[in-house]
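> Structure: final-v4.cif, mmCIF, C-alpha atoms; chains and numbers go by the auth columns.
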data_query
loop_
_atom_site.group_PDB
_atom_site.id
_atom_site.type_symbol
_atom_site.label_atom_id
_atom_site.label_comp_id
_atom_site.label_asym_id
_atom_site.label_seq_id
_atom_site.Cartn_x
_atom_site.Cartn_y
_atom_site.Cartn_z
_atom_site.B_iso_or_equiv
_atom_site.auth_seq_id
_atom_site.auth_asym_id
ATOM 1 C CA MET A 1 61.176 165.468 210.070 0.00 1 H
ATOM 2 C CA LYS A 2 60.442 162.067 208.550 0.00 2 H
ATOM 3 C CA THR A 3 59.577 162.131 204.882 0.00 3 H
ATOM 4 C CA PHE A 4 57.581 159.593 202.941 0.00 4 H
ATOM 5 C CA TYR A 5 58.223 160.445 199.319 0.00 5 H
ATOM 6 C CA HIS A 6 59.083 157.770 196.785 0.00 6 H
ATOM 7 C CA THR A 7 62.818 157.503 196.025 0.00 7 H
ATOM 8 C CA GLY A 8 63.031 154.111 194.341 0.00 8 H
ATOM 9 C CA VAL A 9 61.738 150.660 195.133 0.00 9 H
ATOM 10 C CA CYS A 10 59.206 150.897 197.918 0.00 10 H
ATOM 11 C CA PRO A 11 57.412 147.636 198.736 0.00 11 H
ATOM 12 C CA VAL A 12 54.999 149.409 201.084 0.00 12 H
ATOM 13 C CA ARG A 13 53.770 151.718 198.322 0.00 13 H
ATOM 14 C CA ASP A 14 53.695 148.883 195.791 0.00 14 H
ATOM 15 C CA ILE A 15 51.630 146.536 197.957 0.00 15 H
ATOM 16 C CA LEU A 16 49.306 149.271 199.225 0.00 16 H
ATOM 17 C CA SER A 17 48.614 150.321 195.647 0.00 17 H
ATOM 18 C CA HIS A 18 47.285 146.801 195.026 0.00 18 H
ATOM 19 C CA ILE A 19 45.535 145.938 198.274 0.00 19 H
ATOM 20 C CA GLY A 20 44.631 149.488 199.217 0.00 20 H
ATOM 21 C CA ASN A 21 41.649 149.653 196.893 0.00 21 H
ATOM 22 C CA LYS A 22 38.161 148.539 197.821 0.00 22 H
ATOM 23 C CA TRP A 23 37.914 145.759 195.245 0.00 23 H
ATOM 24 C CA SER A 24 41.075 143.967 196.346 0.00 24 H
ATOM 25 C CA VAL A 25 40.014 143.973 199.975 0.00 25 H
ATOM 26 C CA LEU A 26 36.510 142.777 199.081 0.00 26 H
ATOM 27 C CA VAL A 27 37.837 139.987 196.825 0.00 27 H
ATOM 28 C CA LEU A 28 40.203 138.780 199.556 0.00 28 H
ATOM 29 C CA ILE A 29 37.445 138.822 202.156 0.00 29 H
ATOM 30 C CA SER A 30 35.048 137.033 199.824 0.00 30 H
ATOM 31 C CA LEU A 31 37.597 134.293 199.099 0.00 31 H
ATOM 32 C CA ASN A 32 38.265 133.959 202.810 0.00 32 H
ATOM 33 C CA ALA A 33 34.567 133.601 203.594 0.00 33 H
ATOM 34 C CA ASN A 34 33.738 131.245 200.722 0.00 34 H
ATOM 35 C CA GLY A 35 36.912 129.281 199.998 0.00 35 H
ATOM 36 C CA LYS A 36 37.641 128.403 196.371 0.00 36 H
ATOM 37 C CA MET A 37 35.516 130.416 194.001 0.00 37 H
ATOM 38 C CA ARG A 38 34.960 130.742 190.292 0.00 38 H
ATOM 39 C CA PHE A 39 35.096 134.125 188.568 0.00 39 H
ATOM 40 C CA SER A 40 31.323 134.403 188.244 0.00 40 H
ATOM 41 C CA ASP A 41 30.853 133.479 191.918 0.00 41 H
ATOM 42 C CA ILE A 42 33.262 136.204 193.010 0.00 42 H
ATOM 43 C CA GLN A 43 31.458 138.697 190.792 0.00 43 H
ATOM 44 C CA ARG A 44 28.085 137.686 192.247 0.00 44 H
ATOM 45 C CA SER A 45 29.416 137.905 195.805 0.00 45 H
ATOM 46 C CA LEU A 46 30.490 141.527 195.233 0.00 46 H
ATOM 47 C CA GLY A 47 27.472 142.572 193.209 0.00 47 H
ATOM 48 C CA ASP A 48 28.542 145.844 191.645 0.00 48 H
ATOM 49 C CA ILE A 49 32.013 145.105 190.246 0.00 49 H
ATOM 50 C CA SER A 50 32.431 145.119 186.471 0.00 50 H
ATOM 51 C CA GLN A 51 33.921 142.130 184.691 0.00 51 H
ATOM 52 C CA ARG A 52 36.914 144.222 183.602 0.00 52 H
ATOM 53 C CA MET A 53 37.611 145.550 187.112 0.00 53 H
ATOM 54 C CA LEU A 54 37.360 142.060 188.596 0.00 54 H
ATOM 55 C CA THR A 55 39.779 140.725 185.970 0.00 55 H
ATOM 56 C CA VAL A 56 42.283 143.509 186.696 0.00 56 H
ATOM 57 C CA THR A 57 41.919 143.000 190.454 0.00 57 H
ATOM 58 C CA LEU A 58 42.367 139.230 190.274 0.00 58 H
ATOM 59 C CA ARG A 59 45.462 139.578 188.083 0.00 59 H
ATOM 60 C CA ALA A 60 47.051 142.060 190.511 0.00 60 H
ATOM 61 C CA LEU A 61 46.302 139.851 193.527 0.00 61 H
ATOM 62 C CA GLU A 62 47.698 136.827 191.714 0.00 62 H
ATOM 63 C CA LYS A 63 50.829 138.772 190.727 0.00 63 H
ATOM 64 C CA ASP A 64 51.337 139.669 194.390 0.00 64 H
ATOM 65 C CA SER A 65 50.900 135.971 195.327 0.00 65 H
ATOM 66 C CA LEU A 66 47.891 136.720 197.511 0.00 66 H
ATOM 67 C CA ILE A 67 45.589 134.457 195.508 0.00 67 H
ATOM 68 C CA SER A 68 46.144 131.473 193.251 0.00 68 H
ATOM 69 C CA ARG A 69 44.406 130.716 189.977 0.00 69 H
ATOM 70 C CA GLN A 70 43.829 127.146 188.886 0.00 70 H
ATOM 71 C CA VAL A 71 42.642 126.348 185.356 0.00 71 H
ATOM 72 C CA PHE A 72 40.951 123.018 184.724 0.00 72 H
ATOM 73 C CA PRO A 73 41.268 121.623 181.177 0.00 73 H
ATOM 74 C CA GLU A 74 37.557 121.241 180.532 0.00 74 H
ATOM 75 C CA ILE A 75 35.212 122.565 177.898 0.00 75 H
ATOM 76 C CA PRO A 76 34.383 125.266 178.721 0.00 76 H
ATOM 77 C CA PRO A 77 37.487 125.857 180.857 0.00 77 H
ATOM 78 C CA ARG A 78 36.836 126.110 184.579 0.00 78 H
ATOM 79 C CA VAL A 79 38.958 128.519 186.607 0.00 79 H
ATOM 80 C CA GLU A 80 39.021 128.664 190.397 0.00 80 H
ATOM 81 C CA TYR A 81 40.608 131.229 192.677 0.00 81 H
ATOM 82 C CA GLU A 82 41.635 130.827 196.295 0.00 82 H
ATOM 83 C CA LEU A 83 43.766 132.535 198.897 0.00 83 H
ATOM 84 C CA THR A 84 47.403 131.557 199.086 0.00 84 H
ATOM 85 C CA GLU A 85 49.194 131.172 202.400 0.00 85 H
ATOM 86 C CA LYS A 86 50.411 134.757 202.017 0.00 86 H
ATOM 87 C CA GLY A 87 46.878 135.970 201.287 0.00 87 H
ATOM 88 C CA ASP A 88 45.528 134.014 204.224 0.00 88 H
ATOM 89 C CA SER A 89 48.079 135.692 206.503 0.00 89 H
ATOM 90 C CA LEU A 90 46.692 139.102 205.464 0.00 90 H
ATOM 91 C CA ILE A 91 43.108 138.273 206.507 0.00 91 H
ATOM 92 C CA PRO A 92 43.517 138.933 210.268 0.00 92 H
ATOM 93 C CA LEU A 93 44.880 142.402 209.465 0.00 93 H
ATOM 94 C CA LEU A 94 42.039 143.137 207.057 0.00 94 H
ATOM 95 C CA SER A 95 39.550 141.888 209.626 0.00 95 H
ATOM 96 C CA GLU A 96 40.962 144.316 212.192 0.00 96 H
ATOM 97 C CA LEU A 97 40.715 147.145 209.662 0.00 97 H
ATOM 98 C CA ILE A 98 37.108 146.214 208.898 0.00 98 H
ATOM 99 C CA ASN A 99 36.309 146.071 212.617 0.00 99 H
ATOM 100 C CA TRP A 100 37.838 149.511 213.066 0.00 100 H
ATOM 101 C CA ILE A 101 35.860 150.915 210.119 0.00 101 H
ATOM 102 C CA THR A 102 32.631 149.348 211.338 0.00 102 H
ATOM 103 C CA THR A 103 33.114 150.628 214.880 0.00 103 H
ATOM 104 C CA ASN A 104 34.096 154.132 213.858 0.00 104 H
ATOM 105 C CA TYR A 105 31.531 154.410 211.096 0.00 105 H
ATOM 106 C CA ASN A 106 28.782 153.427 213.522 0.00 106 H
ATOM 107 C CA ILE A 107 30.048 156.008 216.018 0.00 107 H
ATOM 108 C CA ALA A 108 30.159 158.727 213.356 0.00 108 H
ATOM 109 C CA SER A 109 26.689 157.768 212.083 0.00 109 H
ATOM 110 C CA SER A 110 25.167 157.827 215.557 0.00 110 H
ATOM 111 C CA GLN A 111 26.676 161.293 216.164 0.00 111 H
ATOM 112 C CA GLY A 112 25.004 162.678 213.056 0.00 112 H
ATOM 113 C CA GLU A 113 28.211 163.173 211.080 0.00 113 H
#
Reformat the file's structure so that it appears as structure tokens.


Amino acid sequence: MKTFYHTGVCPVRDILSHIGNKWSVLVLISLNANGKMRFSDIQRSLGDISQRMLTVTLRALEKDSLISRQVFPEIPPRVEYELTEKGDSLIPLLSELINWITTNYNIASSQGE
């Protein structure tokens, strides 16, 4: 029997804990669709995310090198976020997951489930 309990450093668990939540996936997809975005633009594109949750999500994605954050020395400071090469390489996989969800959700909905 294969077991999947945590016995130390586990990059799969670590990365899934960051990108496995709905906000991370939605932020990555939004940045992919729109290119460079400011904080307020990301928040508007998602609609129902709180400022605190977006801040936490962006920090985690930046820590994992999936997005980059560029601060411009202006008054007020302007900050832009964009996908890194690593983040961009994750998009095809997320797109497949979204396609699977969309297909299977539509099937389940049409069957009355």

> Build an axis-aligned box that encloses every atom of region 23-38 of chain H listed in the file, pad it by 8 Å on each side, and report its centre and edge lengths in Å to one decimal, as lines of an AutoDock Vina configuration file.


center_x = 37.4
center_y = 137.1
center_z = 196.9
size_x = 23.3
size_y = 33.4
size_z = 29.3

> Hey, which of H:Val12, H:Lys22, H:Asn32, H:Leu54 ends up closest to Ser95 (chain H)? Count all atoms listed in the file.

H:Asn32

> For a quick check of understanding, using only C-alpha atoms, which of H:Glu82, H:Thr57, H:Asn104, H:Leu66 has the smallest distance to Asn21 (chain H)?

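The answer is H:Thr57, which sits nearest to Asn21 (chain H).
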
> Taking 3 positions as the minimum chain separation for residues in the same chain, which residues sit within 10 Å of region 85-89 of chain H when counting only C-alpha atoms? Answer as a count of residues only.

15

> So what do you get for CA of Arg38 (chain H) versus CA of Arg78 (chain H), distance-wise?

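Atom-to-atom, CA of Arg38 (chain H) and CA of Arg78 (chain H) are spaced 7.6 Å apart.
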
> Can you list what the PyMOL selection byres ((chain H and resi 79) around 10) grabs from this structure, as an MDAnalysis selection string?

chainID H and resid 36:40 69:74 76:78 80:81

> Mind pulling up the distance from CA of Val25 (chain H) to CA of Glu96 (chain H)?

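So the answer is 12.3 Å.
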
> I'd like the contact shell of region 44-51 of chain H - 9 Å cut-off, all atoms listed in the file, skipping same-chain residues fewer than 6 positions apart - returned as a list in words.

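What passes the distance filter is Trp23, Leu26, Val27 and Ser30 of chain H.
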
> Expressed in Å to a single decimal, how great is the separation between CA of Ser17 (chain H) and CA of Thr102 (chain H)?

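One can read the CA of Ser17 (chain H) to CA of Thr102 (chain H) distance as 22.4 Å.
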
> Which residue gives the smallest distance to Leu83 (chain H) among H:Met1, H:Ile101, H:Met53, H:Ala33, with only C-alpha atoms counted?

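Comparing H:Met1, H:Ile101, H:Met53, H:Ala33 against Leu83 (chain H), the winner is H:Ala33.
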